[in-house]
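What's in start36.pdb: PDB, C-alpha atoms and all ligand atoms
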ATOM      1  CA  MET A   1     -59.828 -17.871 129.390
ATOM      2  CA  PRO A   2     -57.598 -20.712 130.751
ATOM      3  CA  LYS A   3     -55.274 -19.794 133.582
ATOM      4  CA  SER A   4     -51.540 -19.676 132.927
ATOM      5  CA  ILE A   5     -48.465 -20.482 134.995
ATOM      6  CA  LEU A   6     -44.893 -19.406 134.307
ATOM      7  CA  LEU A   7     -42.276 -21.805 135.678
ATOM      8  CA  ILE A   8     -38.921 -20.100 136.182
ATOM      9  CA  ASN A   9     -35.628 -21.833 136.929
ATOM     10  CA  GLY A  10     -32.600 -19.743 137.729
ATOM     11  CA  PRO A  11     -28.861 -20.099 137.356
ATOM     12  CA  ASN A  12     -27.232 -23.533 137.091
ATOM     13  CA  LEU A  13     -30.518 -25.450 137.236
ATOM     14  CA  ASN A  14     -29.798 -26.517 133.678
ATOM     15  CA  LEU A  15     -27.294 -28.851 135.398
ATOM     16  CA  LEU A  16     -30.057 -30.579 137.367
ATOM     17  CA  GLY A  17     -29.661 -34.339 137.348
ATOM     18  CA  THR A  18     -26.126 -34.204 135.977
ATOM     19  CA  ARG A  19     -24.194 -32.888 138.989
ATOM     20  CA  GLU A  20     -24.533 -33.170 142.763
ATOM     21  CA  PRO A  21     -27.255 -35.852 142.679
ATOM     22  CA  SER A  22     -26.888 -36.294 146.436
ATOM     23  CA  VAL A  23     -28.171 -32.732 146.889
ATOM     24  CA  TYR A  24     -30.502 -32.195 143.924
ATOM     25  CA  GLY A  25     -31.386 -35.715 142.824
ATOM     26  CA  SER A  26     -30.935 -37.373 139.450
ATOM     27  CA  THR A  27     -33.972 -36.024 137.596
ATOM     28  CA  THR A  28     -33.003 -33.696 134.759
ATOM     29  CA  LEU A  29     -34.584 -30.315 134.104
ATOM     30  CA  PRO A  30     -36.157 -31.468 130.807
ATOM     31  CA  THR A  31     -37.877 -34.246 132.758
ATOM     32  CA  VAL A  32     -39.081 -31.758 135.380
ATOM     33  CA  ILE A  33     -40.521 -29.578 132.621
ATOM     34  CA  GLN A  34     -42.201 -32.523 130.909
ATOM     35  CA  SER A  35     -43.817 -33.564 134.193
ATOM     36  CA  ALA A  36     -44.958 -30.001 134.862
ATOM     37  CA  SER A  37     -46.429 -29.784 131.374
ATOM     38  CA  THR A  38     -48.374 -33.011 131.847
ATOM     39  CA  GLN A  39     -49.606 -31.860 135.242
ATOM     40  CA  CYS A  40     -50.754 -28.500 133.866
ATOM     41  CA  SER A  41     -52.545 -30.166 130.964
ATOM     42  CA  ARG A  42     -54.461 -32.288 133.476
ATOM     43  CA  LEU A  43     -55.347 -29.098 135.347
ATOM     44  CA  SER A  44     -56.368 -27.275 132.139
ATOM     45  CA  ILE A  45     -53.704 -24.685 132.840
ATOM     46  CA  SER A  46     -51.317 -23.230 130.276
ATOM     47  CA  LEU A  47     -47.616 -23.606 131.166
ATOM     48  CA  ALA A  48     -44.707 -21.449 130.083
ATOM     49  CA  HIS A  49     -41.129 -22.122 131.215
ATOM     50  CA  ILE A  50     -37.782 -20.433 131.209
ATOM     51  CA  GLN A  51     -34.405 -21.398 132.609
ATOM     52  CA  SER A  52     -31.632 -18.836 132.503
ATOM     53  CA  ASN A  53     -28.255 -18.318 134.078
ATOM     54  CA  HIS A  54     -28.650 -14.554 133.672
ATOM     55  CA  GLU A  55     -30.465 -12.356 136.178
ATOM     56  CA  GLY A  56     -31.472  -9.727 133.633
ATOM     57  CA  VAL A  57     -32.988 -12.312 131.309
ATOM     58  CA  LEU A  58     -35.182 -13.530 134.159
ATOM     59  CA  VAL A  59     -36.142  -9.954 135.109
ATOM     60  CA  ASP A  60     -37.124  -9.260 131.483
ATOM     61  CA  ARG A  61     -39.186 -12.492 131.332
ATOM     62  CA  ILE A  62     -41.022 -11.552 134.514
ATOM     63  CA  HIS A  63     -41.828  -8.122 133.007
ATOM     64  CA  GLU A  64     -43.160  -9.869 129.890
ATOM     65  CA  ALA A  65     -45.472 -11.974 132.076
ATOM     66  CA  ARG A  66     -47.474  -8.956 133.179
ATOM     67  CA  GLY A  67     -51.000  -9.205 131.793
ATOM     68  CA  ASN A  68     -50.698 -12.757 130.454
ATOM     69  CA  ILE A  69     -49.440 -14.955 133.328
ATOM     70  CA  ASP A  70     -51.641 -15.629 136.357
ATOM     71  CA  PHE A  71     -49.103 -17.290 138.659
ATOM     72  CA  ILE A  72     -45.343 -17.802 138.812
ATOM     73  CA  VAL A  73     -43.612 -20.887 140.206
ATOM     74  CA  ILE A  74     -39.971 -19.937 140.649
ATOM     75  CA  ASN A  75     -36.811 -21.687 141.711
ATOM     76  CA  PRO A  76     -34.491 -18.667 141.692
ATOM     77  CA  GLY A  77     -31.389 -20.751 142.337
ATOM     78  CA  ALA A  78     -28.594 -18.786 143.959
ATOM     79  CA  LEU A  79     -30.350 -15.512 143.028
ATOM     80  CA  THR A  80     -32.612 -16.355 145.987
ATOM     81  CA  HIS A  81     -29.882 -15.182 148.305
ATOM     82  CA  THR A  82     -28.629 -12.144 146.391
ATOM     83  CA  SER A  83     -31.119 -10.562 144.028
ATOM     84  CA  VAL A  84     -33.011  -7.408 144.931
ATOM     85  CA  ALA A  85     -33.625  -7.003 141.189
ATOM     86  CA  LEU A  86     -35.530 -10.307 141.012
ATOM     87  CA  ARG A  87     -37.533  -9.335 144.109
ATOM     88  CA  ASP A  88     -38.378  -5.941 142.628
ATOM     89  CA  ALA A  89     -39.468  -7.521 139.335
ATOM     90  CA  LEU A  90     -41.776 -10.026 141.033
ATOM     91  CA  VAL A  91     -43.294  -7.390 143.273
ATOM     92  CA  GLY A  92     -43.521  -4.918 140.425
ATOM     93  CA  VAL A  93     -45.583  -7.077 138.071
ATOM     94  CA  GLU A  94     -48.007  -7.988 140.866
ATOM     95  CA  ILE A  95     -48.235 -11.654 139.875
ATOM     96  CA  PRO A  96     -48.562 -14.091 142.791
ATOM     97  CA  PHE A  97     -45.719 -16.553 143.065
ATOM     98  CA  VAL A  98     -44.476 -19.553 145.001
ATOM     99  CA  GLU A  99     -40.774 -19.980 145.753
ATOM    100  CA  VAL A 100     -39.481 -23.522 145.256
ATOM    101  CA  HIS A 101     -36.164 -25.022 146.342
ATOM    102  CA  ILE A 102     -35.226 -28.636 145.666
ATOM    103  CA  SER A 103     -32.987 -28.791 148.734
ATOM    104  CA  ASN A 104     -33.831 -27.727 152.275
ATOM    105  CA  ILE A 105     -31.964 -24.413 152.202
ATOM    106  CA  HIS A 106     -32.336 -24.113 155.978
ATOM    107  CA  LYS A 107     -30.308 -27.278 156.469
ATOM    108  CA  ARG A 108     -27.420 -26.014 154.345
ATOM    109  CA  GLU A 109     -24.827 -23.234 154.547
ATOM    110  CA  ALA A 110     -25.873 -20.131 156.461
ATOM    111  CA  PHE A 111     -25.747 -17.944 153.335
ATOM    112  CA  ARG A 112     -28.582 -20.055 151.861
ATOM    113  CA  HIS A 113     -30.864 -19.397 154.854
ATOM    114  CA  THR A 114     -31.713 -15.887 153.624
ATOM    115  CA  SER A 115     -34.111 -15.278 150.737
ATOM    116  CA  TYR A 116     -34.817 -11.905 149.131
ATOM    117  CA  LEU A 117     -38.138 -13.320 147.918
ATOM    118  CA  SER A 118     -39.757 -15.387 150.666
ATOM    119  CA  ASP A 119     -41.577 -12.580 152.450
ATOM    120  CA  LYS A 120     -43.339 -11.707 149.191
ATOM    121  CA  ALA A 121     -44.158 -15.287 148.160
ATOM    122  CA  GLU A 122     -47.627 -16.817 148.625
ATOM    123  CA  ALA A 123     -45.768 -19.933 149.765
ATOM    124  CA  VAL A 124     -42.236 -21.304 150.057
ATOM    125  CA  ILE A 125     -41.505 -24.966 149.320
ATOM    126  CA  CYS A 126     -38.101 -26.427 150.082
ATOM    127  CA  GLY A 127     -36.578 -29.847 150.742
ATOM    128  CA  LEU A 128     -39.112 -31.879 148.772
ATOM    129  CA  GLY A 129     -36.712 -32.573 145.927
ATOM    130  CA  VAL A 130     -38.176 -32.065 142.474
ATOM    131  CA  PHE A 131     -41.595 -32.919 143.914
ATOM    132  CA  GLY A 132     -41.506 -29.329 145.092
ATOM    133  CA  TYR A 133     -42.283 -28.250 141.528
ATOM    134  CA  GLU A 134     -45.363 -30.525 141.440
ATOM    135  CA  ALA A 135     -46.444 -29.223 144.819
ATOM    136  CA  GLY A 136     -45.909 -25.641 143.678
ATOM    137  CA  ILE A 137     -48.030 -26.115 140.568
ATOM    138  CA  GLU A 138     -50.787 -27.801 142.565
ATOM    139  CA  PHE A 139     -50.685 -24.902 145.034
ATOM    140  CA  ALA A 140     -50.909 -22.438 142.159
ATOM    141  CA  ALA A 141     -53.916 -24.228 140.658
ATOM    142  CA  ARG A 142     -55.763 -24.209 143.978
ATOM    143  CA  TYR A 143     -54.846 -20.572 144.545
ATOM    144  CA  LEU A 144     -56.232 -19.651 141.137
ATOM    145  CA  GLU A 145     -59.392 -21.693 141.721
ATOM    146  CA  GLY A 146     -59.952 -19.751 144.901
ATOM    147  CA  LYS A 147     -59.581 -16.504 142.969
ATOM    148  CA  LYS A 148     -61.598 -17.738 139.966
ATOM    149  CA  GLY A 149     -63.689 -15.030 138.354
ATOM    150  CA  GLU A 150     -61.684 -12.202 139.913
ATOM    151  CA  LYS A 151     -59.787 -11.588 136.654
TER     152      LYS A 151
HETATM  153  O1  LIG A 201     -32.342 -26.124 146.408
HETATM  154  C1  LIG A 201     -32.553 -25.383 145.426
HETATM  155  O2  LIG A 201     -33.385 -25.616 144.548
HETATM  156  C2  LIG A 201     -31.632 -24.174 145.205
HETATM  157  O3  LIG A 201     -32.420 -23.120 144.711
HETATM  158  C3  LIG A 201     -30.626 -24.586 144.177
HETATM  159  C4  LIG A 201     -29.562 -23.533 143.960
HETATM  160  C5  LIG A 201     -28.480 -24.089 143.081
HETATM  161  C6  LIG A 201     -28.954 -24.326 141.694
HETATM  162  C7  LIG A 201     -27.897 -25.123 141.016
HETATM  163  O4  LIG A 201     -28.425 -26.387 140.839
HETATM  164  C8  LIG A 201     -27.542 -27.369 140.510
HETATM  165  C9  LIG A 201     -28.072 -28.561 140.199
HETATM  166  C10 LIG A 201     -27.241 -29.604 139.865
HETATM  167  C11 LIG A 201     -25.866 -29.411 139.864
HETATM  168  C12 LIG A 201     -25.316 -28.170 140.192
HETATM  169  C13 LIG A 201     -26.149 -27.146 140.515
HETATM  170  C14 LIG A 201     -28.923 -23.090 145.267
HETATM  171  O5  LIG A 201     -27.988 -22.026 144.990
HETATM  172  C15 LIG A 201     -29.969 -22.618 146.232
HETATM  173  O6  LIG A 201     -29.336 -22.243 147.443
HETATM  174  C16 LIG A 201     -30.977 -23.726 146.491
END
Would you write the structure of this file as structure tokens?
Ligand SMILES: O=C(O)[C@]1(O)C[C@H](CCCOc2ccccc2)[C@@H](O)[C@H](O)C1
Amino acid sequence: MPKSILLINGPNLNLLGTREPSVYGSTTLPTVIQSASTQCSRLSISLAHIQSNHEGVLVDRIHEARGNIDFIVINPGALTHTSVALRDALVGVEIPFVEVHISNIHKREAFRHTSYLSDKAEAVICGLGVFGYEAGIEFAARYLEGKKGEK
């Protein structure tokens, strides 16, 4: 059974590449997804993706991942800094995840320095630009290789 990754992008990331290029770069979200899809194909991993501006939609999608997704790569957007519900969903489904941020949140406003997810993440990637998504997927693939045969 091929392994599967769910890539989640949170609120406002649909604007990627169209606003604030000095912070988030000029690559659009569709391009990020296309690159992730190509990368996963090369790794023989199935990729699913969702972007939503609504916390509950993301919580529901994480619930749906239980039993059919092996790893989650998530950029929670601003929900990083506010959402106990997102944390509870990720912990509740018991799917390993990596937290990705395009910007270096620790170099920005103080309110971005706190994450409700990081202490539960297998890894946290921030400040690599959109390369962080590629790094997160590669990390996930290696993580799953290491656990191969366990499920
Ligand atoms: O650096 C990241 O990836 C963030 O998760 C992005 C969030 C913002 C997502 C909105 O992305 C935009 C992209 C382009 C234009 C406007 C917003 C921000 O609230 C986090 O603190 C860090």
task = Can you tell me which residues come within 6 Å of ligand LIG 201 (chain A) when counting all atoms listed in the file, ideally as a PyMOL selection string?
result = chain A and resi 12-13+15-17+19-20+24+75-78+101-103+105+112
remark   = A:Gln51 proximity check over A:Gly132, A:Gly10, A:Gly92, A:Gly25, using all atoms listed in the file: winner is A:Gly10
request  = Quote the spacing between atom CA of A:Asn68 and atom CA of A:Ser4 in Å to one decimal place.
outcome  =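 The value is 7.4 Å.
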query = When you draw a straight line from atom CA of A:Asn14 to atom CA of A:Val100, how long is it in Å?
reply =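 Atom CA of A:Asn14 sits 15.4 Å away from atom CA of A:Val100.
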key: Nearest-residue call for A:Ile45, choices A:Leu79, A:Ile69, A:Val98, A:Ala121, using all atoms listed in the file   = A:Ile69
ask   = Do you know which residues are at most 8 Å from stretch 34-37 of chain A counting only C-alpha atoms, after dropping those on the same chain fewer than 2 positions away, and could you put them as a list in words?
value = Pro30, Thr31, Val32, Gln39, Cys40, Ser41, Leu47, Tyr133, Glu134 and Ile137 of chain A
query = Using all atoms listed in the file, which of the listed residues (A:His54, A:Gly127, A:Leu6, A:Thr27) sits closest to A:Ile95?
reply =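 Of the candidates, the smallest distance to A:Ile95 is held by A:Leu6.
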note = One residue among A:Asp70, A:Gly56, A:Ala141, A:Glu94 is nearest to A:Met1 when using all atoms listed in the file, and that residue is A:Asp70
ask   = On this structure, which residues satisfy the PyMOL selection byres (((chain A and resi 60) around 12) and not hetatm), written as a list in words?
value =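 For this structure, the PyMOL selection byres (((chain A and resi 60) around 12) and not hetatm) resolves to Ile8, Ile50, Ser52, His54, Glu55, Gly56, Val57, Leu58, Val59, Arg61, Ile62, His63, Glu64, Ala65, Arg66, Ala85, Leu86, Asp88, Ala89, Leu90, Gly92 and Val93 of chain A.
Between A:Leu43 and the candidates A:Leu29, A:Ile74, A:Ile5, A:Ala123, the tightest atom-to-atom separation, counting only C-alpha atoms, involves A:Ile5.
Atom pair atom CA of A:Lys107 / atom CA of A:Val124 has a distance of 14.8 Å (rounded to one decimal).
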A:Pro96 environment, 7 Å, only C-alpha atoms, sequence neighbours closer than 5 positions dropped, as number ranges by chain = A: 71-72, 122
task = Using only C-alpha atoms, pick whichever of A:Tyr116, A:Gly129, A:Phe97, A:Arg42 has the shortest atom-to-atom distance to A:Thr28.
result =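 Ranking A:Tyr116, A:Gly129, A:Phe97, A:Arg42 by distance to A:Thr28, first place goes to A:Gly129.
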